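As structure tokens, the structure follows; a few thoughts come after it.
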Amino acid sequence: MEMKFESILLPGVDPKRPIVIAGPCSAETEEQVLETAKALAARGIKIFRAGIWKPRTKPGGFEGIGTIGLPWLKRVKQETGMYIMTEVATRDHVFEALKAGVDMLWIGARTTVNPFAVQEIADSLKGVDIPVLVKNPVNPDLELWIGAFERLYGAGIHRLAAIHRGFSSYDKKIYRNLPLWHIPIELRRRLPELPIFCDPSHIGGKRELIAPLCQQAMDLSFDGLMIESHRDPDVAWSDAAQQIAPDVLDYVLNLLVIRDENQTTENLSALRRQIDSIDEQILELLAKRMRVSREIGIYKKEHNMPILQSPRYSEILENRSNMGAQMDLSTDFVKEMLKEIHEESVRQQMIIMSEEENN
């Protein structure tokens with residue numbers, strides 16, 4: 001589906017990067033919402049976010065204050081002039097949010113993963129002109145993410161943007177959710193007009209990671225940031241560790257280095273030409289490697305040997321990873337590259353084996 005997106009920007013919001021959306025993970029009390037909003041507005045934030053309904057991974061945690069919190073958001077709008085934004089996961093959420101005059105909506109990661117839920121939201125928004133931001137699904141599935149945009153677009157919602165909040169993993173070393181930056185980069189390649197926001201709060205899971213993640217997002221030309229900010233983060237009812245106070249948010253934003261996306265130089269052009277030449281050489285070498293793999297496949301076929309030789313594959317992974325480390329290449333990168341090369345080699349040899357069966 002070809003999609004032509006319209007601007008999500010509302011009057012008075014500066015289009016200059018980064019467009020910032022900020023506010024607490026959850027609306028907890030009227031006082032907490034208003035105090036946080038006023039502190040953010042005083043620091044130039046134009047879009048206030050707060051979770052009214054909070055779908056949690058497991059029951060028992062704080063799952064949102066519910067519709068009684070919507071009038072608090074209306075007060076934020078009336079008293080600060082900020083735009084208000086909340087998450088929706090069902091048709092009823094959409095109805096209540098629109099009735100309360102919410103200006104922008106977002107769809108959370110646990111909802112994006114469910115095409116039935118996304119379609120229900122899309123159907124409930126038919127005929128409504130409102131910006132909708134869509135978080136990536138919890139699992140790294142780009143097609144599922146794009147599918148959510150297509151469902152909303154098909155319902156007539158053309159003011160769309162993406163929120164990159166990282167991907168769930170059993171292996172939680174540094175981040176709460178792995179950034180896997182290559183996925184939003186590929187989203188940008190596939191949908192170049194779609195604005196992309198970064199949610200460093202959910203990626204990092206810890207407030208000390210917010211600043212470096214914001215800078216990484218800006219270096220990757222993301223359009224905006226959605227950051228969780230609470231008047232007193234340590235006592236927040238949900239996700240306390242990943243929220244920052246409004247004054248800290250102001251400090252983080254002032255530290256950001258925003259690089260010129262359009263500026264280019266002859267030196268850069270020359271370096272890019274070098275990259276083009278090197279890429280061509282890499283492809284030629286890979287083609288040569290596959291020719292050798294096919295010759296090995298012929299030998300295995302003639303000698304009735306199986307395609308997969310596990311000890312040999314393990315040896316390649318170990319030796320080449322060590323070799324790559326000596327060349328200042330990430331071990332994980334080298335292993336992933338070798339896995340892809342090995343998979344293609346196996347595919348090439350399977351073709352050779354099947355030729356014997358077909359004949």
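As shown in the structure tokens, the chain order sets the letters A, B, ...; within each chain, residues go from 1, and ligands are also counted from 1 in the order they appear.
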
Shell around A:Tyr83 at 12 Å using only C-alpha atoms, local window under 5 positions removed, as a PyMOL selection string: chain A and resi 9-13+20-23+37+40-41+45-50+73-78+101-105+130-131

Shell of 8 Å around A:Asp232, only C-alpha atoms, local chain residues under 4 positions omitted, as a ChimeraX atom specification: /A:236,244-245

Against stretch 152-176 of chain A, which residues of stretch 204-232 of chain A fall within 8 Å? For each one I want the closest pair of atoms and the distance in Å (one decimal), counting only C-alpha atoms, rows by chain and increasing residue number, as a Markdown table.
| residue | atom | partner | partner_atom | distance |
| --- | --- | --- | --- | --- |
| A:Gly204 | CA | A:Tyr175 | CA | 4.7 |
| A:Gly205 | CA | A:Arg176 | CA | 4.8 |
| A:Lys206 | CA | A:Arg176 | CA | 7.9 |
| A:Met226 | CA | A:Ile163 | CA | 7.8 |

Given the selection you just returned, output its residues as a file containing N, CA, C and O atoms, formatted as a PDB file, in the first residue's frame.
ATOM      1  N   GLY A 204      15.806   2.431  27.597  1.00  0.00           N
ATOM      2  CA  GLY A 204      16.818   2.350  28.649  1.00  0.00           C
ATOM      3  C   GLY A 204      16.328   1.673  29.908  1.00  0.00           C
ATOM      4  O   GLY A 204      17.023   0.841  30.491  1.00  0.00           O
ATOM      5  N   GLY A 205      15.118   2.070  30.354  1.00  0.00           N
ATOM      6  CA  GLY A 205      14.623   1.524  31.607  1.00  0.00           C
ATOM      7  C   GLY A 205      15.267   2.145  32.830  1.00  0.00           C
ATOM      8  O   GLY A 205      14.844   1.884  33.957  1.00  0.00           O
ATOM      9  N   LYS A 206      16.287   2.960  32.617  1.00  0.00           N
ATOM     10  CA  LYS A 206      16.993   3.639  33.710  1.00  0.00           C
ATOM     11  C   LYS A 206      17.226   5.078  33.293  1.00  0.00           C
ATOM     12  O   LYS A 206      17.639   5.343  32.167  1.00  0.00           O
ATOM     13  N   MET A 226       9.952  11.102  22.789  1.00  0.00           N
ATOM     14  CA  MET A 226       8.898  10.982  23.790  1.00  0.00           C
ATOM     15  C   MET A 226       9.575  10.526  25.082  1.00  0.00           C
ATOM     16  O   MET A 226      10.110   9.415  25.146  1.00  0.00           O
TER      17      MET A 226
END

All alpha helix (DSSP H) residues (DSSP, backbone) inside stretch 21-188 of chain A, as a PyMOL selection string: chain A and resi 30-41+70-80+91-99+109-112+115-124+142-154+182-188

Distance of atom CA of A:Thr86 from atom CA of A:Val132, expressed in Å to one decimal place: 10.0 Å

All strand (DSSP E or B) positions in stretch 129-354 of chain A, as number ranges by chain: A: 132-135, 160-164, 167, 178, 196-198, 224-229, 244

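Here the question is which of A:Lys301, A:Lys4, A:Lys126, A:Arg43 gets nearest to A:Leu253 using only C-alpha atoms, and that residue is A:Arg43.
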
Nearest candidate to A:Trp106 (options A:Phe197, A:Leu180, A:Asp332, A:Glu79; using only C-alpha atoms): A:Phe197

A:Met353, A:Val235, A:Leu220, A:Ala270 ranked by distance to A:Ser26, top pick (using only C-alpha atoms):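 Going through A:Met353, A:Val235, A:Leu220, A:Ala270 one by one, the smallest distance to A:Ser26 is for A:Val235.
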
Within 12 Å of A:Arg110 using only C-alpha atoms, minus same-chain residues under 6 positions, as a ChimeraX atom specification: /A:54-58,87-90,116-118,134-139,144-145,165,167-168

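Using only C-alpha atoms, the shortest contact distance between A:Ile8 and any of A:Leu191, A:Ile196, A:Ile278, A:Val346 is found at A:Ile196.
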
Shell of 8 Å around A:Leu70, only C-alpha atoms, local chain residues under 5 positions omitted, as a ChimeraX atom specification: /A:52,97,100

Would you output that residue set with C-alpha atoms, as a short mmCIF file (atom, residue, chain, number, x, y, z; two decimals), in the first residue's frame?
data_model
loop_
_atom_site.label_atom_id
_atom_site.label_comp_id
_atom_site.auth_asym_id
_atom_site.auth_seq_id
_atom_site.Cartn_x
_atom_site.Cartn_y
_atom_site.Cartn_z
CA ILE A 52 -4.72 7.03 31.58
CA ALA A 97 -10.30 10.26 24.82
CA ALA A 100 -12.41 14.61 26.55
#

Which residue of A:Leu125, A:Leu187, A:Val248, A:Met323 approaches A:Arg151 most closely, using only C-alpha atoms: A:Leu125

Computed interatomic separation between atom CA of A:Ser229 and atom CA of A:Val33 (Å): 10.5 Å
